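Enquirer: One structure follows; several queries about it will come next.
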Amino acid sequence: MVFWKRKRAAAPARTLWLVKDDPEGSWWCNCPQGIVDAPMHDKQTWPTGGEGWLFTCIRCEKAFMFAKAVRIRPTLEELAERCTPRTEDVGSPDSLELRTDVLMAGPQDWLAVVRPHANGLVEGQRYVFFDGRVLPAVHGPVKFRGLWRNHDLPDLPHIAEDPGVHDVLNDPRYWAAEMGE
Ligand SMILES: [Zn+2]
């Protein structure tokens with residue numbers, strides 16, 4: 001009797017997507033390969049705490065600031081299956097109960113967010129997430145309309161040396177400026 005040993009061919013790493021880039025180990029995700037979950041936030045979540053300017057790891061769901069565009073083995077479709085449905089517990093001010101919102105019901109929702117970002121990536125480039133955009137982590141003026149508000153800054157706040165620019169990330173007044181609050 002012959003037992004055929006199924007040989008598991010290693011899939012080539014060909015999907016260009018974002019993986020945690022944290023050589024100093026200064027962020028929370030400790031996964032060997034922290035693959036970035038679909039970078040988005042909604043208006044139910046206050047962006048100050050990092051929702052609007054940090055990446056999140058698919059596996060441990062912990063946050064980090066920098067990610068690098070590299071080739072990985074899983075396809076985007078496989079990651080989409082793994083990452084959906086994506087839900088979020090939202091507290092309401094007049095009730096102690098948490099409500100669970102469905103942010104992404106199925107893989108198509110995840111892919112709809114991820115594909116436009118993935119298509120614009122340059123292999124080896126370092127990126128940050130900022131209010132709906134995936135931006136190269138390079139110095140220079142930043143001007144765009146984000147999910148929360150318009151941004152018109154002299155430098156990318158994630159890497160800005162000017163504390164006045166850097167600190168907008170976790171400044172509630174900055175994020176609230178166009179929220180009428
Ligand atoms: Zn992780």
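Chain lettering (A, B, ...) mirrors the order of the structure tokens, residue numbering begins at 1 for each chain separately, and ligand numbering begins at 1 in order of display.
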Each residue of chain A lying at most 12 Å from ligand 1 should get a row with its shortest atom-to-atom pair and the distance in Å to one decimal, counting only C-alpha atoms and all ligand atoms; could you produce that, ordered by chain and increasing number, as CSV?

Expert:
residue,atom,partner,partner_atom_place_in_ligand_line,distance
A:Val19,CA,ligand 1,1 (Zn),9.7
A:Lys20,CA,ligand 1,1 (Zn),8.2
A:Asp21,CA,ligand 1,1 (Zn),11.4
A:Asp22,CA,ligand 1,1 (Zn),11.3
A:Gly25,CA,ligand 1,1 (Zn),11.7
A:Trp27,CA,ligand 1,1 (Zn),9.8
A:Trp28,CA,ligand 1,1 (Zn),7.6
A:Cys29,CA,ligand 1,1 (Zn),4.0
A:Asn30,CA,ligand 1,1 (Zn),5.4
A:Cys31,CA,ligand 1,1 (Zn),4.2
A:Pro32,CA,ligand 1,1 (Zn),7.6
A:Gln33,CA,ligand 1,1 (Zn),7.3
A:Gly34,CA,ligand 1,1 (Zn),4.6
A:Ile35,CA,ligand 1,1 (Zn),7.3
A:Val36,CA,ligand 1,1 (Zn),8.6
A:Asp37,CA,ligand 1,1 (Zn),10.0
A:Phe55,CA,ligand 1,1 (Zn),10.3
A:Thr56,CA,ligand 1,1 (Zn),7.6
A:Cys57,CA,ligand 1,1 (Zn),4.5
A:Ile58,CA,ligand 1,1 (Zn),6.5
A:Arg59,CA,ligand 1,1 (Zn),5.1
A:Cys60,CA,ligand 1,1 (Zn),4.1
A:Glu61,CA,ligand 1,1 (Zn),6.0
A:Lys62,CA,ligand 1,1 (Zn),5.7
A:Ala63,CA,ligand 1,1 (Zn),7.7
A:Phe64,CA,ligand 1,1 (Zn),8.9
A:Ala67,CA,ligand 1,1 (Zn),12.0

Enquirer: Write a file of the just-selected residues containing N, CA and C atoms, as an mmCIF file, in the first residue's frame.

Expert:
data_model
loop_
_atom_site.group_PDB
_atom_site.id
_atom_site.type_symbol
_atom_site.label_atom_id
_atom_site.label_comp_id
_atom_site.auth_asym_id
_atom_site.auth_seq_id
_atom_site.Cartn_x
_atom_site.Cartn_y
_atom_site.Cartn_z
ATOM 1 N N VAL A 19 2.545 45.385 5.746
ATOM 2 C CA VAL A 19 2.938 44.600 6.905
ATOM 3 C C VAL A 19 3.638 45.530 7.895
ATOM 4 N N LYS A 20 3.392 45.299 9.162
ATOM 5 C CA LYS A 20 3.968 46.130 10.224
ATOM 6 C C LYS A 20 5.462 46.366 10.016
ATOM 7 N N ASP A 21 5.865 47.616 10.129
ATOM 8 C CA ASP A 21 7.275 47.972 10.022
ATOM 9 C C ASP A 21 7.648 48.706 11.307
ATOM 10 N N ASP A 22 8.191 47.969 12.240
ATOM 11 C CA ASP A 22 8.417 48.505 13.583
ATOM 12 C C ASP A 22 9.732 47.961 14.135
ATOM 13 N N GLY A 25 10.363 48.027 17.800
ATOM 14 C CA GLY A 25 9.452 47.304 18.689
ATOM 15 C C GLY A 25 8.704 48.226 19.623
ATOM 16 N N TRP A 27 5.614 49.526 19.184
ATOM 17 C CA TRP A 27 4.152 49.474 19.150
ATOM 18 C C TRP A 27 3.660 48.170 19.746
ATOM 19 N N TRP A 28 2.341 47.990 19.777
ATOM 20 C CA TRP A 28 1.750 46.912 20.569
ATOM 21 C C TRP A 28 1.757 45.545 19.890
ATOM 22 N N CYS A 29 1.678 45.546 18.562
ATOM 23 C CA CYS A 29 1.619 44.258 17.861
ATOM 24 C C CYS A 29 2.985 43.580 17.898
ATOM 25 N N ASN A 30 3.013 42.324 18.377
ATOM 26 C CA ASN A 30 4.273 41.571 18.430
ATOM 27 C C ASN A 30 4.291 40.407 17.454
ATOM 28 N N CYS A 31 3.324 40.370 16.551
ATOM 29 C CA CYS A 31 3.264 39.267 15.598
ATOM 30 C C CYS A 31 4.496 39.286 14.701
ATOM 31 N N PRO A 32 5.004 38.092 14.336
ATOM 32 C CA PRO A 32 6.177 38.062 13.454
ATOM 33 C C PRO A 32 5.910 38.785 12.131
ATOM 34 N N GLN A 33 4.689 38.627 11.624
ATOM 35 C CA GLN A 33 4.338 39.361 10.408
ATOM 36 C C GLN A 33 2.967 40.000 10.639
ATOM 37 N N GLY A 34 2.972 41.215 11.101
ATOM 38 C CA GLY A 34 1.721 41.914 11.411
ATOM 39 C C GLY A 34 1.079 42.457 10.150
ATOM 40 N N ILE A 35 0.208 41.641 9.558
ATOM 41 C CA ILE A 35 -0.450 42.072 8.319
ATOM 42 C C ILE A 35 -1.539 43.094 8.657
ATOM 43 N N VAL A 36 -1.615 44.147 7.860
ATOM 44 C CA VAL A 36 -2.537 45.257 8.123
ATOM 45 C C VAL A 36 -3.971 44.880 7.737
ATOM 46 N N ASP A 37 -4.890 45.123 8.659
ATOM 47 C CA ASP A 37 -6.310 44.953 8.373
ATOM 48 C C ASP A 37 -6.773 46.134 7.515
ATOM 49 N N PHE A 55 -2.478 51.872 11.935
ATOM 50 C CA PHE A 55 -2.866 50.609 11.315
ATOM 51 C C PHE A 55 -3.224 49.609 12.409
ATOM 52 N N THR A 56 -3.966 48.569 12.029
ATOM 53 C CA THR A 56 -4.297 47.504 12.961
ATOM 54 C C THR A 56 -3.893 46.165 12.365
ATOM 55 N N CYS A 57 -3.386 45.282 13.225
ATOM 56 C CA CYS A 57 -2.949 43.949 12.791
ATOM 57 C C CYS A 57 -4.144 43.011 12.642
ATOM 58 N N ILE A 58 -4.142 42.257 11.579
ATOM 59 C CA ILE A 58 -5.206 41.281 11.327
ATOM 60 C C ILE A 58 -5.305 40.255 12.450
ATOM 61 N N ARG A 59 -4.159 39.777 12.926
ATOM 62 C CA ARG A 59 -4.165 38.651 13.859
ATOM 63 C C ARG A 59 -4.473 39.092 15.286
ATOM 64 N N CYS A 60 -3.712 40.058 15.809
ATOM 65 C CA CYS A 60 -3.865 40.414 17.231
ATOM 66 C C CYS A 60 -4.734 41.653 17.434
ATOM 67 N N GLU A 61 -5.082 42.325 16.346
ATOM 68 C CA GLU A 61 -5.935 43.513 16.379
ATOM 69 C C GLU A 61 -5.300 44.673 17.144
ATOM 70 N N LYS A 62 -3.984 44.603 17.335
ATOM 71 C CA LYS A 62 -3.311 45.705 18.005
ATOM 72 C C LYS A 62 -2.771 46.693 16.968
ATOM 73 N N ALA A 63 -2.476 47.890 17.451
ATOM 74 C CA ALA A 63 -2.192 48.987 16.529
ATOM 75 C C ALA A 63 -0.701 49.273 16.389
ATOM 76 N N PHE A 64 -0.353 49.878 15.267
ATOM 77 C CA PHE A 64 1.016 50.350 15.037
ATOM 78 C C PHE A 64 0.986 51.452 13.988
ATOM 79 N N ALA A 67 3.859 50.860 8.382
ATOM 80 C CA ALA A 67 3.756 49.591 7.665
ATOM 81 C C ALA A 67 4.516 49.720 6.359
#

Enquirer: What lies within 6 Å of range 16-18 of chain A using only C-alpha atoms, ignoring chain neighbours under 2 positions off, as a PDB file with N, CA and C atoms, in the first residue's frame?

Expert:
ATOM      1  N   VAL A  36      -1.615  44.147   7.860  1.00  0.00           N
ATOM      2  CA  VAL A  36      -2.537  45.257   8.123  1.00  0.00           C
ATOM      3  C   VAL A  36      -3.971  44.880   7.737  1.00  0.00           C
ATOM      4  N   ALA A  67       3.859  50.860   8.382  1.00  0.00           N
ATOM      5  CA  ALA A  67       3.756  49.591   7.665  1.00  0.00           C
ATOM      6  C   ALA A  67       4.516  49.720   6.359  1.00  0.00           C
ATOM      7  N   LYS A  68       5.049  48.590   5.919  1.00  0.00           N
ATOM      8  CA  LYS A  68       5.818  48.582   4.681  1.00  0.00           C
ATOM      9  C   LYS A  68       5.090  47.745   3.633  1.00  0.00           C
ATOM     10  N   ALA A  69       5.148  48.195   2.398  1.00  0.00           N
ATOM     11  CA  ALA A  69       4.536  47.429   1.303  1.00  0.00           C
ATOM     12  C   ALA A  69       5.487  46.318   0.898  1.00  0.00           C
ATOM     13  N   VAL A  70       5.077  45.070   1.170  1.00  0.00           N
ATOM     14  CA  VAL A  70       5.906  43.907   0.833  1.00  0.00           C
ATOM     15  C   VAL A  70       5.028  42.836   0.188  1.00  0.00           C
ATOM     16  N   ARG A  71       5.673  41.831  -0.389  1.00  0.00           N
ATOM     17  CA  ARG A  71       4.945  40.702  -0.979  1.00  0.00           C
ATOM     18  C   ARG A  71       4.657  39.669   0.114  1.00  0.00           C
ATOM     19  N   ALA A 118      -4.228  49.006  -2.063  1.00  0.00           N
ATOM     20  CA  ALA A 118      -3.227  48.042  -2.531  1.00  0.00           C
ATOM     21  C   ALA A 118      -2.714  48.418  -3.920  1.00  0.00           C
TER      22      ALA A 118
END

Enquirer: Which of these, A:Asp42, A:Gly50, A:Val134, A:Gly124, has the shortest distance to Val102 in chain A once you count only C-alpha atoms?

Expert: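 Among the listed residues, the smallest separation from Val102 in chain A belongs to A:Asp42.
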
Enquirer: Could you pull out all residues of chain A with a DSSP call of alpha helix (DSSP H) and give them as a PyMOL selection string?

Expert: chain A and resi 76-83+107-119+163-166+172-176

Enquirer: Store the residues picked out above in a file with C-alpha atoms, as a PDB file, in the first residue's frame.

Expert:
ATOM      1  CA  LEU A  76      -6.259  39.672  -0.632  1.00  0.00           C
ATOM      2  CA  GLU A  77      -9.301  37.436  -1.111  1.00  0.00           C
ATOM      3  CA  GLU A  78      -8.017  35.041   1.572  1.00  0.00           C
ATOM      4  CA  LEU A  79      -7.385  37.913   3.951  1.00  0.00           C
ATOM      5  CA  ALA A  80     -10.866  39.274   3.250  1.00  0.00           C
ATOM      6  CA  GLU A  81     -12.394  35.933   4.239  1.00  0.00           C
ATOM      7  CA  ARG A  82     -10.394  35.923   7.438  1.00  0.00           C
ATOM      8  CA  CYS A  83     -11.263  39.515   8.373  1.00  0.00           C
ATOM      9  CA  PRO A 107     -15.252  39.789   1.978  1.00  0.00           C
ATOM     10  CA  GLN A 108     -16.459  42.112  -0.784  1.00  0.00           C
ATOM     11  CA  ASP A 109     -16.754  44.971   1.710  1.00  0.00           C
ATOM     12  CA  TRP A 110     -13.223  44.366   2.918  1.00  0.00           C
ATOM     13  CA  LEU A 111     -11.862  44.180  -0.621  1.00  0.00           C
ATOM     14  CA  ALA A 112     -13.677  47.374  -1.609  1.00  0.00           C
ATOM     15  CA  VAL A 113     -11.689  49.219   1.058  1.00  0.00           C
ATOM     16  CA  VAL A 114      -8.376  47.454   0.530  1.00  0.00           C
ATOM     17  CA  ARG A 115      -8.045  47.197  -3.251  1.00  0.00           C
ATOM     18  CA  PRO A 116      -7.727  50.936  -3.974  1.00  0.00           C
ATOM     19  CA  HIS A 117      -5.007  51.187  -1.314  1.00  0.00           C
ATOM     20  CA  ALA A 118      -3.227  48.042  -2.531  1.00  0.00           C
ATOM     21  CA  ASN A 119      -3.225  49.250  -6.123  1.00  0.00           C
ATOM     22  CA  PRO A 163       5.239  69.179  17.938  1.00  0.00           C
ATOM     23  CA  GLY A 164       2.433  71.505  16.860  1.00  0.00           C
ATOM     24  CA  VAL A 165       1.951  69.403  13.740  1.00  0.00           C
ATOM     25  CA  HIS A 166       2.675  66.041  15.340  1.00  0.00           C
ATOM     26  CA  PRO A 172      -9.639  66.136  20.075  1.00  0.00           C
ATOM     27  CA  ARG A 173      -9.943  69.816  19.111  1.00  0.00           C
ATOM     28  CA  TYR A 174      -8.231  69.143  15.802  1.00  0.00           C
ATOM     29  CA  TRP A 175     -10.496  66.254  14.885  1.00  0.00           C
ATOM     30  CA  ALA A 176     -13.600  68.020  16.133  1.00  0.00           C
TER      31      ALA A 176
END

Enquirer: Enter the distance from CA of Val168 in chain A to CA of Pro23 in chain A, in Å, rounded to one decimal.

Expert: 24.5 Å

Enquirer: Hey, what's within 9 Å of Arg149 in chain A if we count only C-alpha atoms and toss same-chain stuff fewer than 2 positions away? As an mmCIF file with N, CA and C atoms, in the first residue's frame, please?

Expert:
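Generated output (around-v5.cif):
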data_model
loop_
_atom_site.group_PDB
_atom_site.id
_atom_site.type_symbol
_atom_site.label_atom_id
_atom_site.label_comp_id
_atom_site.auth_asym_id
_atom_site.auth_seq_id
_atom_site.Cartn_x
_atom_site.Cartn_y
_atom_site.Cartn_z
ATOM 1 N N ASP A 131 -6.668 59.142 8.437
ATOM 2 C CA ASP A 131 -8.044 59.538 8.123
ATOM 3 C C ASP A 131 -8.542 59.029 6.771
ATOM 4 N N PHE A 144 -5.717 66.957 1.964
ATOM 5 C CA PHE A 144 -6.757 66.107 1.377
ATOM 6 C C PHE A 144 -8.011 66.159 2.233
ATOM 7 N N ARG A 145 -9.107 65.684 1.648
ATOM 8 C CA ARG A 145 -10.342 65.557 2.410
ATOM 9 C C ARG A 145 -10.426 64.143 2.938
ATOM 10 N N GLY A 146 -10.391 63.984 4.257
ATOM 11 C CA GLY A 146 -10.427 62.662 4.860
ATOM 12 C C GLY A 146 -11.838 62.234 5.200
ATOM 13 N N LEU A 147 -11.935 61.097 5.893
ATOM 14 C CA LEU A 147 -13.249 60.615 6.301
ATOM 15 C C LEU A 147 -13.860 61.530 7.356
ATOM 16 N N HIS A 151 -7.766 68.127 5.713
ATOM 17 C CA HIS A 151 -6.437 68.294 6.294
ATOM 18 C C HIS A 151 -5.613 69.205 5.388
ATOM 19 N N TRP A 175 -9.558 67.141 15.576
ATOM 20 C CA TRP A 175 -10.496 66.254 14.885
ATOM 21 C C TRP A 175 -11.920 66.785 14.932
ATOM 22 N N ALA A 176 -12.226 67.532 15.979
ATOM 23 C CA ALA A 176 -13.600 68.020 16.133
ATOM 24 C C ALA A 176 -13.862 69.279 15.327
ATOM 25 N N ALA A 177 -12.810 69.848 14.742
ATOM 26 C CA ALA A 177 -12.939 71.169 14.137
ATOM 27 C C ALA A 177 -14.073 71.251 13.114
ATOM 28 N N GLU A 178 -14.304 70.183 12.380
ATOM 29 C CA GLU A 178 -15.368 70.246 11.373
ATOM 30 C C GLU A 178 -16.563 69.415 11.763
ATOM 31 N N MET A 179 -16.585 69.045 13.015
ATOM 32 C CA MET A 179 -17.697 68.203 13.455
ATOM 33 C C MET A 179 -18.790 69.021 14.124
#

Enquirer: For CA of Glu161 in chain A and CA of Glu123 in chain A, quote the distance in Å rounded to one decimal.

Expert: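 Separation between CA of Glu161 in chain A and CA of Glu123 in chain A: 25.9 Å.
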
Enquirer: List every residue of chain A that DSSP, applied to the backbone of this structure, places in strand (DSSP E or B), and write the result as a ChimeraX atom specification.

Expert: /A:15-20,35-36,55-57,63-64,67-72,86-91,98-104,126-130,133-136,142-145,150-153

Enquirer: Could you take the residues named above and write them with N, CA and C atoms, as a tab-separated table (two decimals), in the first residue's frame?

Expert:
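Result file follows (selection_8.tsv):
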chain	number	residue	atom	x	y	z
A	15	THR	N	1.42	38.78	-3.22
A	15	THR	CA	0.43	39.83	-2.98
A	15	THR	C	1.11	41.04	-2.35
A	16	LEU	N	1.03	42.16	-3.03
A	16	LEU	CA	1.64	43.37	-2.47
A	16	LEU	C	0.66	44.01	-1.49
A	17	TRP	N	1.02	43.97	-0.22
A	17	TRP	CA	0.16	44.55	0.81
A	17	TRP	C	1.02	45.02	1.97
A	18	LEU	N	0.38	45.58	2.98
A	18	LEU	CA	1.08	46.25	4.06
A	18	LEU	C	1.32	45.34	5.25
A	19	VAL	N	2.55	45.38	5.75
A	19	VAL	CA	2.94	44.60	6.90
A	19	VAL	C	3.64	45.53	7.89
A	20	LYS	N	3.39	45.30	9.16
A	20	LYS	CA	3.97	46.13	10.22
A	20	LYS	C	5.46	46.37	10.02
A	35	ILE	N	0.21	41.64	9.56
A	35	ILE	CA	-0.45	42.07	8.32
A	35	ILE	C	-1.54	43.09	8.66
A	36	VAL	N	-1.62	44.15	7.86
A	36	VAL	CA	-2.54	45.26	8.12
A	36	VAL	C	-3.97	44.88	7.74
A	55	PHE	N	-2.48	51.87	11.94
A	55	PHE	CA	-2.87	50.61	11.32
A	55	PHE	C	-3.22	49.61	12.41
A	56	THR	N	-3.97	48.57	12.03
A	56	THR	CA	-4.30	47.50	12.96
A	56	THR	C	-3.89	46.16	12.37
A	57	CYS	N	-3.39	45.28	13.22
A	57	CYS	CA	-2.95	43.95	12.79
A	57	CYS	C	-4.14	43.01	12.64
A	63	ALA	N	-2.48	47.89	17.45
A	63	ALA	CA	-2.19	48.99	16.53
A	63	ALA	C	-0.70	49.27	16.39
A	64	PHE	N	-0.35	49.88	15.27
A	64	PHE	CA	1.02	50.35	15.04
A	64	PHE	C	0.99	51.45	13.99
A	67	ALA	N	3.86	50.86	8.38
A	67	ALA	CA	3.76	49.59	7.66
A	67	ALA	C	4.52	49.72	6.36
A	68	LYS	N	5.05	48.59	5.92
A	68	LYS	CA	5.82	48.58	4.68
A	68	LYS	C	5.09	47.75	3.63
A	69	ALA	N	5.15	48.20	2.40
A	69	ALA	CA	4.54	47.43	1.30
A	69	ALA	C	5.49	46.32	0.90
A	70	VAL	N	5.08	45.07	1.17
A	70	VAL	CA	5.91	43.91	0.83
A	70	VAL	C	5.03	42.84	0.19
A	71	ARG	N	5.67	41.83	-0.39
A	71	ARG	CA	4.95	40.70	-0.98
A	71	ARG	C	4.66	39.67	0.11
A	72	ILE	N	3.39	39.29	0.22
A	72	ILE	CA	3.01	38.28	1.21
A	72	ILE	C	2.34	37.10	0.50
A	86	ARG	N	-16.63	42.19	10.03
A	86	ARG	CA	-15.93	43.05	10.98
A	86	ARG	C	-16.98	43.88	11.72
A	87	THR	N	-16.95	43.74	13.02
A	87	THR	CA	-17.95	44.46	13.83
A	87	THR	C	-17.25	45.38	14.80
A	88	GLU	N	-18.05	46.24	15.39
A	88	GLU	CA	-17.50	47.22	16.31
A	88	GLU	C	-18.54	47.46	17.40
A	89	ASP	N	-18.09	47.40	18.65
A	89	ASP	CA	-19.00	47.69	19.75
A	89	ASP	C	-19.03	49.18	20.01
A	90	VAL	N	-20.22	49.73	19.97
A	90	VAL	CA	-20.36	51.17	20.14
A	90	VAL	C	-21.22	51.43	21.37
A	91	GLY	N	-20.70	52.25	22.26
A	91	GLY	CA	-21.47	52.63	23.44
A	91	GLY	C	-22.30	53.87	23.13
A	98	LEU	N	-24.00	48.21	25.12
A	98	LEU	CA	-23.20	48.34	23.91
A	98	LEU	C	-24.02	47.85	22.72
A	99	ARG	N	-23.86	48.57	21.64
A	99	ARG	CA	-24.51	48.15	20.41
A	99	ARG	C	-23.40	47.63	19.49
A	100	THR	N	-23.67	46.58	18.75
A	100	THR	CA	-22.66	46.07	17.84
A	100	THR	C	-22.99	46.48	16.41
A	101	ASP	N	-22.13	47.31	15.85
A	101	ASP	CA	-22.30	47.72	14.46
A	101	ASP	C	-21.49	46.80	13.55
A	102	VAL	N	-22.07	46.48	12.43
A	102	VAL	CA	-21.33	45.71	11.42
A	102	VAL	C	-20.67	46.69	10.46
A	103	LEU	N	-19.35	46.73	10.50
A	103	LEU	CA	-18.64	47.64	9.61
A	103	LEU	C	-18.45	47.03	8.23
A	104	MET	N	-18.11	45.75	8.21
A	104	MET	CA	-17.90	45.06	6.93
A	104	MET	C	-18.57	43.70	7.04
A	126	ARG	N	7.53	52.76	2.93
A	126	ARG	CA	6.93	52.78	4.26
A	126	ARG	C	5.71	53.70	4.24
A	127	TYR	N	4.64	53.29	4.90
A	127	TYR	CA	3.39	54.05	4.85
A	127	TYR	C	2.82	54.29	6.24
A	128	VAL	N	1.96	55.30	6.31
A	128	VAL	CA	1.13	55.50	7.50
A	128	VAL	C	-0.34	55.57	7.05
A	129	PHE	N	-1.23	55.42	8.02
A	129	PHE	CA	-2.66	55.60	7.77
A	129	PHE	C	-3.07	56.94	8.36
A	130	PHE	N	-3.85	57.69	7.61
A	130	PHE	CA	-4.29	58.98	8.12
A	130	PHE	C	-5.69	59.28	7.57
A	133	ARG	N	-6.73	57.63	4.33
A	133	ARG	CA	-5.71	57.50	3.30
A	133	ARG	C	-4.53	56.67	3.79
A	134	VAL	N	-3.89	56.00	2.86
A	134	VAL	CA	-2.61	55.37	3.12
A	134	VAL	C	-1.56	56.23	2.43
A	135	LEU	N	-0.72	56.85	3.23
A	135	LEU	CA	0.21	57.85	2.69
A	135	LEU	C	1.66	57.41	2.91
A	136	PRO	N	2.54	57.67	1.92
A	136	PRO	CA	3.97	57.37	2.13
A	136	PRO	C	4.49	58.15	3.34
A	142	VAL	N	0.64	68.04	3.54
A	142	VAL	CA	-0.44	67.05	3.44
A	142	VAL	C	-1.75	67.80	3.29
A	143	LYS	N	-2.42	67.56	2.18
A	143	LYS	CA	-3.67	68.26	1.94
A	143	LYS	C	-4.65	67.30	1.28
A	144	PHE	N	-5.72	66.96	1.96
A	144	PHE	CA	-6.76	66.11	1.38
A	144	PHE	C	-8.01	66.16	2.23
A	145	ARG	N	-9.11	65.68	1.65
A	145	ARG	CA	-10.34	65.56	2.41
A	145	ARG	C	-10.43	64.14	2.94
A	150	ASN	N	-11.18	67.93	6.60
A	150	ASN	CA	-10.15	68.37	5.67
A	150	ASN	C	-8.83	68.52	6.40
A	151	HIS	N	-7.77	68.13	5.71
A	151	HIS	CA	-6.44	68.29	6.29
A	151	HIS	C	-5.61	69.20	5.39
A	152	ASP	N	-4.95	70.15	6.00
A	152	ASP	CA	-4.06	71.05	5.27
A	152	ASP	C	-2.90	71.36	6.22
A	153	LEU	N	-1.91	70.50	6.19
A	153	LEU	CA	-0.82	70.55	7.17
A	153	LEU	C	0.52	70.71	6.45

Enquirer: Could you work out how far CA of His158 in chain A lies from CA of Ser26 in chain A, giving the answer in Å with one decimal?

Expert: 14.1 Å

Enquirer: Find the residue from A:Gly140, A:Asp155, A:Glu24, A:Asn170 that sits nearest to Gly49 in chain A; use only C-alpha atoms when measuring.

Expert: A:Asn170
